[in-house]
Protein chains: 2
Amino acid sequence: MIKLLIYEDNAQLREGLTMLIDGSEGFSVLAAFKNCSNVAHEVKTFRPDVILMDIDMPVVNGLEGLKRIRETDDEVKVLMLTVFDDHKNIFQALQNGANGYILKKTPPARLLEYIQEASTGGAPMTASVAAQVLKMFSQMNLPADKDYNLSDREKQVLQLLVNGYSYKMIAAEMFIAMDTVRSHIKKIYEKLHVNSKSEAVAKAFRDKLV
Amino acid sequence: MIKLLIYEDNAQLREGLTMLIDGSEGFSVLAAFKNCSNVAHEVKTFRPDVILMDIDMPVVNGLEGLKRIRETDDEVKVLMLTVFDDHKNIFQALQNGANGYILKKTPPARLLEYIQEASTGGAPMTASVAAQVLKMFSQMNLPADKDYNLSDREKQVLQLLVNGYSYKMIAAEMFIAMDTVRSHIKKIYEKLHVNSKSEAVAKAFRDKLV
DNA sequence: TGGAGCATCACATGAATGTGTGGTTTTTTG
DNA sequence: CAAAAAACCACACATTCATGTGATGCTCCA
C-alpha cells in the first residue's frame, strides 16, 4: 500500500486526484493540501511514501515546498506534477532532489504507474521532460577539451599558477630555478594566446585544463 | 516505419535483437555491426532513425562510437543498450548526446516501447538509470552561492579582472582612476581572503562568482 | 647525425602589482 | 540625523611579472 500526500491549489483537481488515487487498489491518499505553508510538519506527521507536488501554488509554491521537505527528509519520494515543463522549473526541481517530474496532462492510468515507479526508487518523467534533462546534460559544462599542446612540465606549472603560487613558490615546489619557471610560463602564454597570469588562470578554468 | 542500426559485439545477442525488432510491426533493422570502427560512414549510408548501441565492444566501443556519430549527426537517436549502469558510463553517454540509456535485461516488449519513445523525441531510460541521472543532478556542481559581501562596484572590478583586464584597462572601462581600481581590488582581496590577482581569479571561478 | 622539441638556467629592464598610509564625497542605514 | 559603508582619489615603495636575449644538455626520430 503506497501512502500519498497531495499538494495542489486547484480544488477540483485536488479532489479529482484524491478520488482517482485513493480509489485505486494499492494506493492510499493520507491527505491533500492547497499549499505548502506547513509542509515540513505535515510530512513529519503523516509519513507518506510519495508526495505529489504541484509547482504553481499560492503562498508557498512547490519548489519551495520541496526544499523544505528535503531539509529534513531525504527518503520520501517527491513527484512534481505540474503544467510547466520549462527548463528553469525542471532544473530547479531536480536540483532540489525531486524524484520525478510529470505533467498534468498525464493520463490517469499512466499516473498510477508513475507513482508506483517513484515509490520503488525509479525516476518517472514525462517524455518531454526526460528529453530536456538529457539535453541539459549534453549542454552542461562542456569539457570542450581543447588541446594546447602543453608539455607535462607546462601543465604542472599552470596547475600551480592556478593554485595561486608565485613564481618563487613554483620554483621551490618543482625544484627548479625561478628563471626556468619564467620560461615555462612564457611558453604557456604563447600556447594559450594570453599574456598575463590572470588570463592564463581564467583560460585554464574556462577550458577545463585544471 | 522506424529504421534501426544495431551495434553489438555478441553475435548471439546481435542476431536475437535483429530478429526481435525486425520481426515486429513498424520496425526495420537496416543492418547490425559488431563494432563501431566504421560507424560514421555506416550512419551516413543507412540514415537510420534510431541506433541501438552497446557500450562494451572491442576495437571501438560504444561511447567512442557515439562521439563519432555526434560529430556529424545531431538528429539520429542513439539508444545506449548495455549491461553497465555505473555512474561513469551513464554520465559519459549522456554528456555525449545519447538519447536514452537502457539495460540489456529490459524485456523485449518494453524494448520496443523504448525504441518507439526514442524515435519520437523522448528519452527512454531504465528506472535505475533515471534515478542515477536525477541523483547526479542534485549532487552536481551547484552555484554553491557563497557570499563574500562584495559590493556592486567590487563585483564589476572582479569581473573585469577575470576577463584579463589590467588595472589601467579597468580604470578606463569604469571611468575611474587607477588608484581607485587598486583600492577596490585591495578590498576584494580582503573579502576573498586572497592576495593576488590569480588567486582572486581562481576563487571567482571556483565559487562561481562569475 | 643533426635538427626539433623540451627542460633547464642566467641577466636585464620596464611595467604591473601588492601594500601602506592618507584623504574627500556620496550613499545607506540604524 | 549621525554613524557606517561604499566609492572615490593620491603618493610612495618593494616586489612580482612580462619580455627579450642567449646558452647548455637531453631525448626523440627521420
# chains A, B, ... in the order shown; residues from 1 in each chain; ligands from 1

call {"tool": "interface_residues", "arguments": {"of": "chain B", "to": "chain C", "cutoff": "10 Å", "atoms": "only C-alpha atoms (C1' of nucleotides)", "output": "list of chain:residue names"}}
result
B:Ser166, B:Tyr167, B:Lys168, B:Arg182, B:Ile185, B:Lys186, B:Asn195, B:Ser196, B:Lys197

call {"tool": "closest_atom_pairs", "arguments": {"of": "chain B", "to": "chain D", "cutoff": "8 Å", "atoms": "only C-alpha atoms (C1' of nucleotides)", "output": "tab-separated table"}}
result
residue	atom	partner	partner_atom	distance
B:Ser151	CA	D:DA6	C1'	7.7
B:Ile176	CA	D:DC8	C1'	8.0
B:Ala177	CA	D:DC9	C1'	7.1
B:Asp179	CA	D:DC9	C1'	6.7
B:Thr180	CA	D:DC8	C1'	6.3

call {"tool": "write_last_selection", "arguments": {"atoms": "N, CA and C atoms", "output": "PDB file, in the first residue's frame"}}
result
ATOM      1  N   SER B 151      30.724  44.393  -2.853  1.00  0.00           N
ATOM      2  CA  SER B 151      29.832  45.479  -3.271  1.00  0.00           C
ATOM      3  C   SER B 151      29.664  45.402  -4.788  1.00  0.00           C
ATOM      4  N   ILE B 176      37.107  55.476 -13.846  1.00  0.00           N
ATOM      5  CA  ILE B 176      37.619  55.860 -12.531  1.00  0.00           C
ATOM      6  C   ILE B 176      39.146  55.843 -12.581  1.00  0.00           C
ATOM      7  N   ALA B 177      39.780  56.350 -11.558  1.00  0.00           N
ATOM      8  CA  ALA B 177      41.240  56.398 -11.539  1.00  0.00           C
ATOM      9  C   ALA B 177      41.818  55.026 -11.227  1.00  0.00           C
ATOM     10  N   ASP B 179      44.119  54.321  -9.231  1.00  0.00           N
ATOM     11  CA  ASP B 179      44.283  54.156  -7.784  1.00  0.00           C
ATOM     12  C   ASP B 179      42.994  53.660  -7.130  1.00  0.00           C
ATOM     13  N   THR B 180      41.910  54.091  -7.686  1.00  0.00           N
ATOM     14  CA  THR B 180      40.622  53.623  -7.163  1.00  0.00           C
ATOM     15  C   THR B 180      40.453  52.135  -7.460  1.00  0.00           C
TER      16      THR B 180
END

call {"tool": "interface_residues", "arguments": {"of": "chain B", "to": "chain A", "cutoff": "7 Å", "atoms": "only C-alpha atoms", "output": "list in words"}}
result
Leu94, Gln95, Asn96, Gly97, Gly121, Gly122, Ala123, Ala127, Ser128, Ala130, Ala131, Leu134, Phe137, Ser138, Val162, Asn163, Gly164, Lys197, Ser198, Glu199, Val201, Ala202 and Phe205 of chain B

call {"tool": "write_last_selection", "arguments": {"atoms": "N, CA and C atoms", "output": "short mmCIF file (atom, residue, chain, number, x, y, z; two decimals), in the first residue's frame"}}
result
data_model
loop_
_atom_site.label_atom_id
_atom_site.label_comp_id
_atom_site.auth_asym_id
_atom_site.auth_seq_id
_atom_site.Cartn_x
_atom_site.Cartn_y
_atom_site.Cartn_z
N LEU B 94 25.46 10.33 -21.68
CA LEU B 94 24.52 11.44 -21.76
C LEU B 94 25.23 12.73 -22.14
N GLN B 95 26.43 12.87 -21.59
CA GLN B 95 27.24 14.03 -21.92
C GLN B 95 27.46 14.13 -23.43
N ASN B 96 27.64 12.98 -24.04
CA ASN B 96 27.93 12.97 -25.47
C ASN B 96 26.70 12.92 -26.36
N GLY B 97 25.56 13.12 -25.74
CA GLY B 97 24.37 13.26 -26.56
C GLY B 97 23.60 11.99 -26.84
N GLY B 121 11.35 11.50 -29.99
CA GLY B 121 11.95 12.61 -29.24
C GLY B 121 11.95 12.45 -27.74
N GLY B 122 11.58 11.28 -27.27
CA GLY B 122 11.59 11.05 -25.83
C GLY B 122 12.99 10.70 -25.35
N ALA B 123 13.07 10.27 -24.11
CA ALA B 123 14.38 9.93 -23.55
C ALA B 123 14.23 8.70 -22.67
N ALA B 127 14.64 2.49 -15.17
CA ALA B 127 14.34 3.19 -13.91
C ALA B 127 15.61 3.46 -13.11
N SER B 128 16.46 2.45 -12.99
CA SER B 128 17.65 2.63 -12.17
C SER B 128 18.57 3.69 -12.74
N ALA B 130 17.53 6.27 -14.67
CA ALA B 130 16.87 7.56 -14.47
C ALA B 130 17.12 8.07 -13.06
N ALA B 131 17.04 7.15 -12.11
CA ALA B 131 17.26 7.53 -10.72
C ALA B 131 18.67 8.08 -10.53
N LEU B 134 18.99 11.61 -11.97
CA LEU B 134 18.45 12.62 -11.06
C LEU B 134 19.38 12.87 -9.89
N PHE B 137 22.06 15.08 -10.84
CA PHE B 137 21.60 16.46 -10.90
C PHE B 137 21.64 17.11 -9.53
N SER B 138 21.10 16.40 -8.56
CA SER B 138 21.00 17.04 -7.25
C SER B 138 22.36 17.15 -6.58
N VAL B 162 38.79 39.07 -14.09
CA VAL B 162 38.65 37.72 -14.61
C VAL B 162 38.76 37.71 -16.14
N ASN B 163 38.30 38.78 -16.75
CA ASN B 163 38.37 38.84 -18.20
C ASN B 163 39.76 39.24 -18.69
N GLY B 164 40.68 39.34 -17.77
CA GLY B 164 42.06 39.59 -18.17
C GLY B 164 42.44 41.05 -18.29
N LYS B 197 46.16 38.63 -7.89
CA LYS B 197 45.20 38.60 -8.98
C LYS B 197 44.80 37.17 -9.30
N SER B 198 45.81 36.35 -9.52
CA SER B 198 45.48 35.00 -9.99
C SER B 198 44.67 34.22 -8.96
N GLU B 199 44.98 34.41 -7.69
CA GLU B 199 44.17 33.73 -6.68
C GLU B 199 42.73 34.22 -6.70
N VAL B 201 41.15 35.47 -9.22
CA VAL B 201 40.51 34.95 -10.42
C VAL B 201 40.12 33.49 -10.21
N ALA B 202 41.05 32.71 -9.67
CA ALA B 202 40.77 31.30 -9.43
C ALA B 202 39.58 31.15 -8.49
N PHE B 205 36.26 31.79 -10.12
CA PHE B 205 35.78 30.67 -10.90
C PHE B 205 35.27 29.55 -10.01
#

call {"tool": "select_by_dssp", "arguments": {"residues": "region 14-166 of chain B", "states": "helix (DSSP H, G or I)", "output": "PyMOL selection string"}}
result
chain B and resi 14-22+39-46+62-72+87-95+108-119+127-139+152-162

call {"tool": "closest_residue", "arguments": {"among": "B:Cys36, B:Met1, B:Ile115, B:Val157", "to": "Glu173 (chain B)", "atoms": "only C-alpha atoms"}}
result
B:Val157

call {"tool": "calpha_fit_and_write", "arguments": {"fixed": "chain B", "moving": "chain A", "output": "compact mmCIF listing (two decimals) with C-alpha atoms, in the first residue's frame"}}
result
# COMPACT_ATOMS: atom_id res chain seq x y z
CA MET A 1 7.66 1.54 -39.60
CA ILE A 2 10.74 2.21 -37.48
CA LYS A 3 13.96 1.19 -39.20
CA LEU A 4 16.80 0.01 -36.97
CA LEU A 5 20.46 -0.84 -37.03
CA ILE A 6 21.92 -2.99 -34.28
CA TYR A 7 25.50 -3.00 -33.01
CA GLU A 8 26.23 -5.83 -30.60
CA ASP A 9 29.25 -8.10 -30.44
CA ASN A 10 27.58 -11.05 -28.76
CA ALA A 11 26.25 -13.16 -31.66
CA GLN A 12 23.50 -14.78 -29.66
CA LEU A 13 22.16 -11.55 -28.29
CA ARG A 14 22.49 -9.90 -31.67
CA GLU A 15 20.38 -12.63 -33.24
CA GLY A 16 17.92 -12.51 -30.39
CA LEU A 17 17.41 -8.78 -30.63
CA THR A 18 17.05 -8.93 -34.39
CA MET A 19 14.44 -11.68 -34.13
CA LEU A 20 12.50 -9.91 -31.43
CA ILE A 21 12.43 -6.52 -33.01
CA ASP A 22 12.14 -7.50 -36.63
CA GLY A 23 9.33 -9.84 -35.71
CA SER A 24 7.34 -7.09 -34.08
CA GLU A 25 4.69 -5.05 -35.80
CA GLY A 26 5.99 -1.67 -36.92
CA PHE A 27 9.70 -2.45 -36.54
CA SER A 28 12.25 -3.40 -39.13
CA VAL A 29 15.87 -4.31 -38.49
CA LEU A 30 17.86 -3.26 -41.53
CA ALA A 31 21.09 -4.90 -40.41
CA ALA A 32 23.09 -5.94 -37.36
CA PHE A 33 26.85 -5.63 -36.88
CA LYS A 34 29.33 -6.94 -34.37
CA ASN A 35 31.32 -3.72 -34.01
CA CYS A 36 31.47 -0.10 -35.11
CA SER A 37 34.52 -0.17 -37.31
CA ASN A 38 32.50 0.95 -40.29
CA VAL A 39 29.62 2.66 -38.57
CA ALA A 40 29.76 6.00 -40.39
CA HIS A 41 29.42 4.35 -43.76
CA GLU A 42 26.75 1.92 -42.62
CA VAL A 43 24.59 4.67 -41.18
CA LYS A 44 24.91 6.63 -44.37
CA THR A 45 23.96 3.59 -46.44
CA PHE A 46 21.03 2.26 -44.44
CA ARG A 47 19.68 5.55 -43.11
CA PRO A 48 18.00 4.01 -40.04
CA ASP A 49 15.64 5.83 -37.68
CA VAL A 50 17.09 4.32 -34.54
CA ILE A 51 20.37 2.62 -33.71
CA LEU A 52 20.74 0.18 -30.86
CA MET A 53 24.30 0.50 -29.68
CA ASP A 54 26.14 -1.77 -27.30
CA ILE A 55 29.03 -0.15 -25.46
CA ASP A 56 31.45 -2.96 -24.78
CA MET A 57 32.51 -4.14 -28.22
CA PRO A 58 35.91 -5.13 -29.60
CA VAL A 59 37.90 -3.01 -32.07
CA VAL A 60 35.65 0.05 -31.98
CA ASN A 61 33.37 0.34 -28.97
CA GLY A 62 29.96 1.93 -28.77
CA LEU A 63 31.05 5.26 -27.35
CA GLU A 64 33.54 5.74 -30.14
CA GLY A 65 30.90 4.57 -32.59
CA LEU A 66 28.49 7.16 -31.24
CA LYS A 67 31.06 9.88 -31.73
CA ARG A 68 31.66 8.82 -35.31
CA ILE A 69 27.94 8.87 -36.01
CA ARG A 70 27.50 12.31 -34.50
CA GLU A 71 30.29 13.72 -36.59
CA THR A 72 28.02 13.66 -39.58
CA ASP A 73 24.53 12.85 -38.35
CA ASP A 74 22.62 14.65 -35.63
CA GLU A 75 19.28 13.21 -36.63
CA VAL A 76 19.43 9.48 -36.16
CA LYS A 77 18.41 8.38 -32.68
CA VAL A 78 21.06 6.40 -30.89
CA LEU A 79 19.97 4.23 -28.02
CA MET A 80 22.75 2.89 -25.83
CA LEU A 81 21.92 -0.65 -24.82
CA THR A 82 24.40 -2.02 -22.37
CA VAL A 83 25.12 -3.88 -19.17
CA PHE A 84 27.14 -1.01 -17.75
CA ASP A 85 25.34 1.64 -15.82
CA ASP A 86 28.30 3.37 -14.26
CA HIS A 87 28.68 7.11 -14.10
CA LYS A 88 31.47 7.35 -16.54
CA ASN A 89 29.86 5.53 -19.43
CA ILE A 90 26.52 7.19 -18.94
CA PHE A 91 28.09 10.58 -18.81
CA GLN A 92 30.22 10.01 -21.87
CA ALA A 93 27.34 8.63 -23.87
CA LEU A 94 24.99 11.48 -23.05
CA GLN A 95 27.73 13.99 -23.56
CA ASN A 96 28.23 12.64 -27.03
CA GLY A 97 24.62 12.94 -27.96
CA ALA A 98 23.03 9.60 -27.16
CA ASN A 99 19.24 9.74 -27.19
CA GLY A 100 18.73 7.19 -24.50
CA TYR A 101 20.49 4.77 -22.25
CA ILE A 102 18.91 1.50 -21.33
CA LEU A 103 20.16 -1.67 -19.70
CA LYS A 104 20.17 -5.06 -21.33
CA LYS A 105 18.12 -6.54 -18.54
CA THR A 106 15.18 -4.52 -19.90
CA PRO A 107 12.27 -6.87 -20.67
CA PRO A 108 11.46 -7.23 -24.41
CA ALA A 109 8.11 -5.49 -24.28
CA ARG A 110 9.64 -2.54 -22.52
CA LEU A 111 12.47 -2.45 -25.04
CA LEU A 112 10.04 -2.01 -27.91
CA GLU A 113 8.37 0.84 -26.03
CA TYR A 114 11.74 2.47 -25.51
CA ILE A 115 12.61 2.24 -29.19
CA GLN A 116 9.27 3.76 -30.01
CA GLU A 117 9.91 6.55 -27.53
CA ALA A 118 13.35 7.27 -28.95
CA SER A 119 12.04 7.45 -32.48
CA THR A 120 9.52 10.09 -31.49
CA GLY A 121 12.07 12.38 -29.91
CA GLY A 122 11.87 11.11 -26.36
CA ALA A 123 14.76 10.11 -24.17
CA PRO A 124 14.18 6.62 -22.82
CA MET A 125 16.26 5.69 -19.85
CA THR A 126 16.26 2.85 -17.43
CA ALA A 127 15.15 4.15 -14.04
CA SER A 128 18.55 3.63 -12.42
CA VAL A 129 20.20 5.53 -15.24
CA ALA A 130 17.73 8.39 -15.08
CA ALA A 131 18.32 8.65 -11.36
CA GLN A 132 22.06 8.90 -11.93
CA VAL A 133 21.58 11.55 -14.57
CA LEU A 134 19.58 13.65 -12.16
CA LYS A 135 22.16 13.12 -9.48
CA MET A 136 24.87 14.34 -11.83
CA PHE A 137 22.79 17.42 -12.44
CA SER A 138 22.38 18.29 -8.81
CA GLN A 139 26.03 17.66 -8.07
CA MET A 140 27.32 19.42 -11.06
CA ASN A 141 29.01 22.75 -11.06
CA LEU A 142 27.35 23.76 -7.86
CA PRO A 143 26.65 27.48 -7.96
CA ALA A 144 27.59 27.45 -4.30
CA ASP A 145 26.35 30.98 -4.35
CA LYS A 146 28.46 32.26 -1.55
CA ASP A 147 27.91 35.79 -0.46
CA TYR A 148 30.86 37.92 0.37
CA ASN A 149 28.91 41.16 0.62
CA LEU A 150 30.79 42.71 -2.22
CA SER A 151 29.43 46.14 -3.03
CA ASP A 152 28.39 46.87 -6.61
CA ARG A 153 31.53 48.79 -7.25
CA GLU A 154 33.66 46.03 -5.81
CA LYS A 155 31.94 43.52 -8.04
CA GLN A 156 32.75 45.61 -11.07
CA VAL A 157 36.37 45.86 -10.08
CA LEU A 158 36.61 42.13 -9.50
CA GLN A 159 35.03 41.48 -12.86
CA LEU A 160 37.61 43.60 -14.62
CA LEU A 161 40.40 42.05 -12.60
CA VAL A 162 39.23 38.64 -13.78
CA ASN A 163 39.30 39.89 -17.34
CA GLY A 164 42.99 40.58 -16.92
CA TYR A 165 42.80 44.33 -16.56
CA SER A 166 45.59 46.15 -14.78
CA TYR A 167 44.81 48.69 -12.08
CA LYS A 168 45.46 51.43 -14.55
CA MET A 169 43.08 49.98 -17.11
CA ILE A 170 40.42 49.45 -14.48
CA ALA A 171 40.76 53.06 -13.42
CA ALA A 172 40.35 54.18 -17.02
CA GLU A 173 37.43 51.86 -17.59
CA MET A 174 35.60 53.01 -14.47
CA PHE A 175 36.56 56.68 -14.68
CA ILE A 176 38.15 56.73 -11.24
CA ALA A 177 41.67 57.19 -9.91
CA MET A 178 44.04 54.29 -9.69
CA ASP A 179 44.29 54.78 -5.97
CA THR A 180 40.60 54.27 -5.70
CA VAL A 181 40.91 51.06 -7.62
CA ARG A 182 43.54 50.07 -5.11
CA SER A 183 41.34 50.69 -2.12
CA HIS A 184 38.49 48.78 -3.73
CA ILE A 185 40.78 45.88 -4.34
CA LYS A 186 42.04 46.00 -0.83
CA LYS A 187 38.46 45.75 0.37
CA ILE A 188 37.83 42.87 -1.99
CA TYR A 189 40.84 41.01 -0.66
CA GLU A 190 39.57 41.42 2.85
CA LYS A 191 36.11 40.21 1.99
CA LEU A 192 37.33 37.21 0.03
CA HIS A 193 40.04 36.44 2.57
CA VAL A 194 42.79 36.47 -0.02
CA ASN A 195 45.81 38.65 -0.54
CA SER A 196 46.75 38.64 -4.17
CA LYS A 197 45.25 39.21 -7.54
CA SER A 198 45.57 35.63 -8.65
CA GLU A 199 43.95 34.30 -5.51
CA ALA A 200 41.09 36.72 -5.91
CA VAL A 201 40.66 35.68 -9.54
CA ALA A 202 40.78 32.01 -8.66
CA LYS A 203 38.24 32.48 -5.90
CA ALA A 204 35.98 34.43 -8.21
CA PHE A 205 35.94 31.50 -10.60
CA ARG A 206 35.64 28.80 -8.00
CA ASP A 207 32.74 30.50 -6.24
CA LYS A 208 31.15 31.53 -9.51
CA LEU A 209 31.24 35.19 -8.62
CA VAL A 210 31.87 35.87 -12.28

call {"tool": "select_by_dssp", "arguments": {"residues": "region 13-102 of chain A", "states": "strand (DSSP E or B)", "output": "PyMOL selection string"}}
result
chain A and resi 27-33+50-53+77-82+100-102

call {"tool": "decode", "arguments": {"residues": "region 2-25 of chain C", "atoms": "C-alpha atoms (C1' of nucleotides)", "output": "compact mmCIF listing (two decimals), in the first residue's frame"}}
result
# COMPACT_ATOMS: atom_id res chain seq x y z
C1' DG C 2 71.65 16.53 -36.93
C1' DG C 3 67.62 19.12 -36.26
C1' DA C 4 63.40 19.75 -33.34
C1' DG C 5 61.37 19.96 -29.07
C1' DC C 6 61.75 20.09 -24.19
C1' DA C 7 63.71 21.46 -19.84
C1' DT C 8 66.95 23.92 -17.62
C1' DC C 9 69.36 28.41 -16.21
C1' DA C 10 71.13 33.47 -16.44
C1' DC C 11 70.99 38.61 -16.84
C1' DA C 12 68.49 42.78 -17.75
C1' DT C 13 64.69 46.21 -17.97
C1' DG C 14 60.39 48.43 -17.59
C1' DA C 15 55.72 47.79 -16.44
C1' DA C 16 52.41 45.75 -13.42
C1' DT C 17 51.13 44.69 -8.96
C1' DG C 18 50.61 44.43 -3.75
C1' DT C 19 50.84 47.08 0.31
C1' DG C 20 50.77 51.07 3.28
C1' DT C 21 49.02 55.48 4.56
C1' DG C 22 46.47 59.34 3.96
C1' DG C 23 42.22 61.76 2.48
C1' DT C 24 37.06 63.54 0.37
C1' DT C 25 32.41 62.75 -1.10
